[in-house]
Amino acid sequence: MKRCFLITLLFLLFCSLGASEFEKLKALDEQGLQNPDLYYNLGVTYWQTGQSGMASLYFLKALHLDSAHKAARENLNYSIRLSKDRDLYPQRLFLVRVFLEVYDFMNMNRMAVLNLALLILSSLSLLWYVNYDPAKERGLPGLVLGTMLCLLLISVSVSAFKAYRIKGNRQAVLLEESAELRENPEDSAKRVATIHEGVILDIRKTAGDWLFVNLPNGDGGWINGELVGRVQQ
């Protein structure tokens with residue numbers, strides 16, 4: 001009897017401590033703190049409480065700030081595999097998956113370091129080219145300089161593209177257990193599809209409280225905006 005009482009007491013204490021930590025995390029989020037680890041921990045906690053939609057939303061928030069956040073990516077993929085709408089997500093070719101993994105691995109901080117390194121190498125290559133012995137053929141230093149400038153241009157372009165995607169992030173997640181996509185932005189419109197909690201949506205346009213969204217497979221329809229959570233407000 002005493003043992004059962006002790007186990008129950010420890011269980012209640014553990015639950016209260018977990019709830020207390022969860023409230024602290026939510027308070028930090030409500031204060032406007034933007035941190036990928038904070039969002040990841042909130043996502044894990046929401047998943048443990050059975051709120052798969054909120055979990056996916058916060059995993060996406062973490063990846064929005066840091067595309068190289070490995071744990072958030074793995075947990076998001078895990079939640080997708082368990083979702084009812086997993087068949088909506090396209091199966092990409094191997095080379096495409098490799099490219100996307102490299103693209104995600106190079107987050108904004110790493111891209112900044114790469115840009116700086118290429119800028120330094122380009123400057124050194126330019127100095128080598130300018131100060132090269134004029135009596136000799138400048139083919140090699142010219143080739144090195146051209147290569148460095150080309151790589152720098154590509155790196156800066158990718159950084160600008162990633163910054164644009166981050167600033168204009170239109171991802172959202174369905175937070176309700178299920179919802180209907182409609183042909184038009186009204187409840188009486190014809191149903192296009194039924195979707196379930198946690199599915200990732202891409203917002204294309206708005207009309208009042210309604211959002212026109214694309215599903216992972218490219219299909220589109222209107223949904224009430226109150227049913228979804230946006231990665232970026």
# chains A, B, ... in the order shown; residues from 1 in each chain; ligands from 1

call {"tool": "residues_around", "arguments": {"residues": "Gly198 of chain A", "least_positions_apart": "4", "cutoff": "8 Å", "atoms": "only C-alpha atoms", "output": "list in words"}}
result
Ser52, Gly53, Met54, Ala55, Ser56, Leu57, Ser79, Ile80, Ser83, Val173, Leu174 and Leu175 of chain A

call {"tool": "closest_atom_pairs", "arguments": {"of": "segment 164-203 of chain A", "to": "segment 93-108 of chain A", "cutoff": "12 Å", "atoms": "only C-alpha atoms", "output": "tab-separated table"}}
result
residue	atom	partner	partner_atom	distance
A:Tyr164	CA	A:Met108	CA	11.4
A:Arg165	CA	A:Met108	CA	11.4
A:Ile166	CA	A:Met108	CA	9.8

call {"tool": "atom_distance", "arguments": {"atom1": "atom CA of Val228 of chain A", "atom2": "atom CA of Val199 of chain A"}}
result
9.7 Å

call {"tool": "residues_around", "arguments": {"residues": "Leu181 of chain A", "least_positions_apart": "4", "cutoff": "12 Å", "atoms": "only C-alpha atoms", "output": "list in words"}}
result
Leu174, Pro185, Glu186, Asp187, Ser188, Ala189, Lys190, Arg191, Val192, Ala193, Thr194, Ile195, His196, Leu201, Trp210, Leu211, Phe212, Val213, Asn214, Leu215, Asp219, Gly220, Gly221, Trp222, Ile223, Asn224, Gly225 and Leu227 of chain A

call {"tool": "write_last_selection", "arguments": {"atoms": "N, CA, C and O atoms", "output": "mmCIF file, in the first residue's frame"}}
result
data_model
loop_
_atom_site.group_PDB
_atom_site.id
_atom_site.type_symbol
_atom_site.label_atom_id
_atom_site.label_comp_id
_atom_site.auth_asym_id
_atom_site.auth_seq_id
_atom_site.Cartn_x
_atom_site.Cartn_y
_atom_site.Cartn_z
ATOM 1 N N LEU A 174 -2.689 22.404 -40.454
ATOM 2 C CA LEU A 174 -4.054 22.225 -39.955
ATOM 3 C C LEU A 174 -3.999 21.794 -38.493
ATOM 4 O O LEU A 174 -3.344 20.806 -38.151
ATOM 5 N N PRO A 185 -14.552 30.387 -51.207
ATOM 6 C CA PRO A 185 -14.380 30.767 -49.797
ATOM 7 C C PRO A 185 -15.708 30.961 -49.055
ATOM 8 O O PRO A 185 -16.051 32.055 -48.615
ATOM 9 N N GLU A 186 -16.462 29.862 -48.914
ATOM 10 C CA GLU A 186 -17.703 29.886 -48.154
ATOM 11 C C GLU A 186 -18.055 28.461 -47.740
ATOM 12 O O GLU A 186 -17.710 27.499 -48.438
ATOM 13 N N ASP A 187 -18.737 28.338 -46.610
ATOM 14 C CA ASP A 187 -19.042 27.017 -46.047
ATOM 15 C C ASP A 187 -19.969 26.198 -46.934
ATOM 16 O O ASP A 187 -19.957 24.966 -46.880
ATOM 17 N N SER A 188 -20.778 26.863 -47.726
ATOM 18 C CA SER A 188 -21.741 26.148 -48.572
ATOM 19 C C SER A 188 -21.149 25.684 -49.903
ATOM 20 O O SER A 188 -21.816 25.002 -50.669
ATOM 21 N N ALA A 189 -19.897 26.054 -50.176
ATOM 22 C CA ALA A 189 -19.274 25.684 -51.449
ATOM 23 C C ALA A 189 -19.003 24.185 -51.507
ATOM 24 O O ALA A 189 -18.954 23.488 -50.486
ATOM 25 N N LYS A 190 -18.816 23.683 -52.712
ATOM 26 C CA LYS A 190 -18.565 22.258 -52.919
ATOM 27 C C LYS A 190 -17.267 21.824 -52.260
ATOM 28 O O LYS A 190 -16.258 22.525 -52.315
ATOM 29 N N ARG A 191 -17.311 20.644 -51.638
ATOM 30 C CA ARG A 191 -16.117 20.110 -50.984
ATOM 31 C C ARG A 191 -15.133 19.594 -52.026
ATOM 32 O O ARG A 191 -15.493 18.865 -52.939
ATOM 33 N N VAL A 192 -13.872 19.980 -51.862
ATOM 34 C CA VAL A 192 -12.811 19.526 -52.766
ATOM 35 C C VAL A 192 -12.071 18.322 -52.192
ATOM 36 O O VAL A 192 -11.776 17.362 -52.897
ATOM 37 N N ALA A 193 -11.773 18.375 -50.893
ATOM 38 C CA ALA A 193 -11.030 17.296 -50.255
ATOM 39 C C ALA A 193 -11.217 17.387 -48.745
ATOM 40 O O ALA A 193 -11.572 18.437 -48.206
ATOM 41 N N THR A 194 -10.970 16.278 -48.080
ATOM 42 C CA THR A 194 -10.967 16.233 -46.621
ATOM 43 C C THR A 194 -9.531 16.027 -46.164
ATOM 44 O O THR A 194 -8.847 15.111 -46.638
ATOM 45 N N ILE A 195 -9.063 16.877 -45.280
ATOM 46 C CA ILE A 195 -7.689 16.787 -44.784
ATOM 47 C C ILE A 195 -7.714 16.605 -43.270
ATOM 48 O O ILE A 195 -8.742 16.850 -42.622
ATOM 49 N N HIS A 196 -6.578 16.199 -42.718
ATOM 50 C CA HIS A 196 -6.534 15.843 -41.304
ATOM 51 C C HIS A 196 -5.429 16.602 -40.574
ATOM 52 O O HIS A 196 -4.535 17.186 -41.201
ATOM 53 N N LEU A 201 0.319 22.876 -45.272
ATOM 54 C CA LEU A 201 -0.342 23.609 -46.341
ATOM 55 C C LEU A 201 0.526 24.772 -46.803
ATOM 56 O O LEU A 201 1.343 25.281 -46.036
ATOM 57 N N TRP A 210 -10.796 33.497 -45.093
ATOM 58 C CA TRP A 210 -10.533 32.264 -45.830
ATOM 59 C C TRP A 210 -9.158 32.314 -46.502
ATOM 60 O O TRP A 210 -8.674 33.374 -46.892
ATOM 61 N N LEU A 211 -8.572 31.131 -46.632
ATOM 62 C CA LEU A 211 -7.263 30.988 -47.261
ATOM 63 C C LEU A 211 -7.357 29.983 -48.398
ATOM 64 O O LEU A 211 -7.983 28.923 -48.252
ATOM 65 N N PHE A 212 -6.756 30.338 -49.526
ATOM 66 C CA PHE A 212 -6.611 29.347 -50.590
ATOM 67 C C PHE A 212 -5.247 28.687 -50.399
ATOM 68 O O PHE A 212 -4.210 29.359 -50.422
ATOM 69 N N VAL A 213 -5.254 27.368 -50.217
ATOM 70 C CA VAL A 213 -4.021 26.658 -49.887
ATOM 71 C C VAL A 213 -3.779 25.534 -50.884
ATOM 72 O O VAL A 213 -4.713 25.014 -51.503
ATOM 73 N N ASN A 214 -2.517 25.189 -51.025
ATOM 74 C CA ASN A 214 -2.116 24.032 -51.799
ATOM 75 C C ASN A 214 -1.704 22.915 -50.849
ATOM 76 O O ASN A 214 -0.995 23.151 -49.868
ATOM 77 N N LEU A 215 -2.145 21.708 -51.171
ATOM 78 C CA LEU A 215 -1.732 20.528 -50.420
ATOM 79 C C LEU A 215 -0.337 20.097 -50.892
ATOM 80 O O LEU A 215 0.147 20.560 -51.928
ATOM 81 N N ASP A 219 -2.689 19.864 -55.092
ATOM 82 C CA ASP A 219 -4.116 20.183 -55.158
ATOM 83 C C ASP A 219 -4.408 21.396 -54.278
ATOM 84 O O ASP A 219 -3.733 21.624 -53.261
ATOM 85 N N GLY A 220 -5.436 22.177 -54.661
ATOM 86 C CA GLY A 220 -5.736 23.384 -53.922
ATOM 87 C C GLY A 220 -7.198 23.504 -53.546
ATOM 88 O O GLY A 220 -8.063 22.824 -54.109
ATOM 89 N N GLY A 221 -7.474 24.371 -52.593
ATOM 90 C CA GLY A 221 -8.843 24.627 -52.179
ATOM 91 C C GLY A 221 -8.873 25.687 -51.091
ATOM 92 O O GLY A 221 -7.825 26.106 -50.585
ATOM 93 N N TRP A 222 -10.083 26.122 -50.736
ATOM 94 C CA TRP A 222 -10.257 27.149 -49.719
ATOM 95 C C TRP A 222 -10.527 26.523 -48.367
ATOM 96 O O TRP A 222 -11.224 25.512 -48.265
ATOM 97 N N ILE A 223 -9.969 27.144 -47.311
ATOM 98 C CA ILE A 223 -10.176 26.665 -45.953
ATOM 99 C C ILE A 223 -10.290 27.871 -45.026
ATOM 100 O O ILE A 223 -9.665 28.916 -45.271
ATOM 101 N N ASN A 224 -11.068 27.724 -43.983
ATOM 102 C CA ASN A 224 -11.204 28.797 -42.999
ATOM 103 C C ASN A 224 -9.873 28.991 -42.273
ATOM 104 O O ASN A 224 -9.308 28.039 -41.738
ATOM 105 N N GLY A 225 -9.374 30.219 -42.261
ATOM 106 C CA GLY A 225 -8.073 30.500 -41.660
ATOM 107 C C GLY A 225 -7.990 30.231 -40.177
ATOM 108 O O GLY A 225 -6.882 30.067 -39.636
ATOM 109 N N LEU A 227 -8.754 27.603 -38.720
ATOM 110 C CA LEU A 227 -8.474 26.190 -38.497
ATOM 111 C C LEU A 227 -7.001 25.845 -38.625
ATOM 112 O O LEU A 227 -6.605 24.717 -38.333
#

call {"tool": "atom_distance", "arguments": {"atom1": "atom CA of Val231 of chain A", "atom2": "atom CA of Ala62 of chain A"}}
result
9.3 Å

call {"tool": "residues_around", "arguments": {"residues": "segment 34-51 of chain A", "least_positions_apart": "6", "cutoff": "6 Å", "atoms": "only C-alpha atoms", "output": "PyMOL selection string"}}
result
chain A and resi 58-59+62+65+72

call {"tool": "select_by_dssp", "arguments": {"residues": "segment 142-203 of chain A", "states": "strand (DSSP E)", "output": "ChimeraX atom specification"}}
result
/A:171-174,178-182,191-196,200-203

call {"tool": "atom_distance", "arguments": {"atom1": "atom CA of Ala172 of chain A", "atom2": "atom CA of Arg230 of chain A"}}
result
4.2 Å

call {"tool": "select_by_dssp", "arguments": {"residues": "segment 62-202 of chain A", "states": "alpha helix (DSSP H)", "output": "MDAnalysis selection string"}}
result
chainID A and resid 62:65 70:82 94:105 108:130 139:167
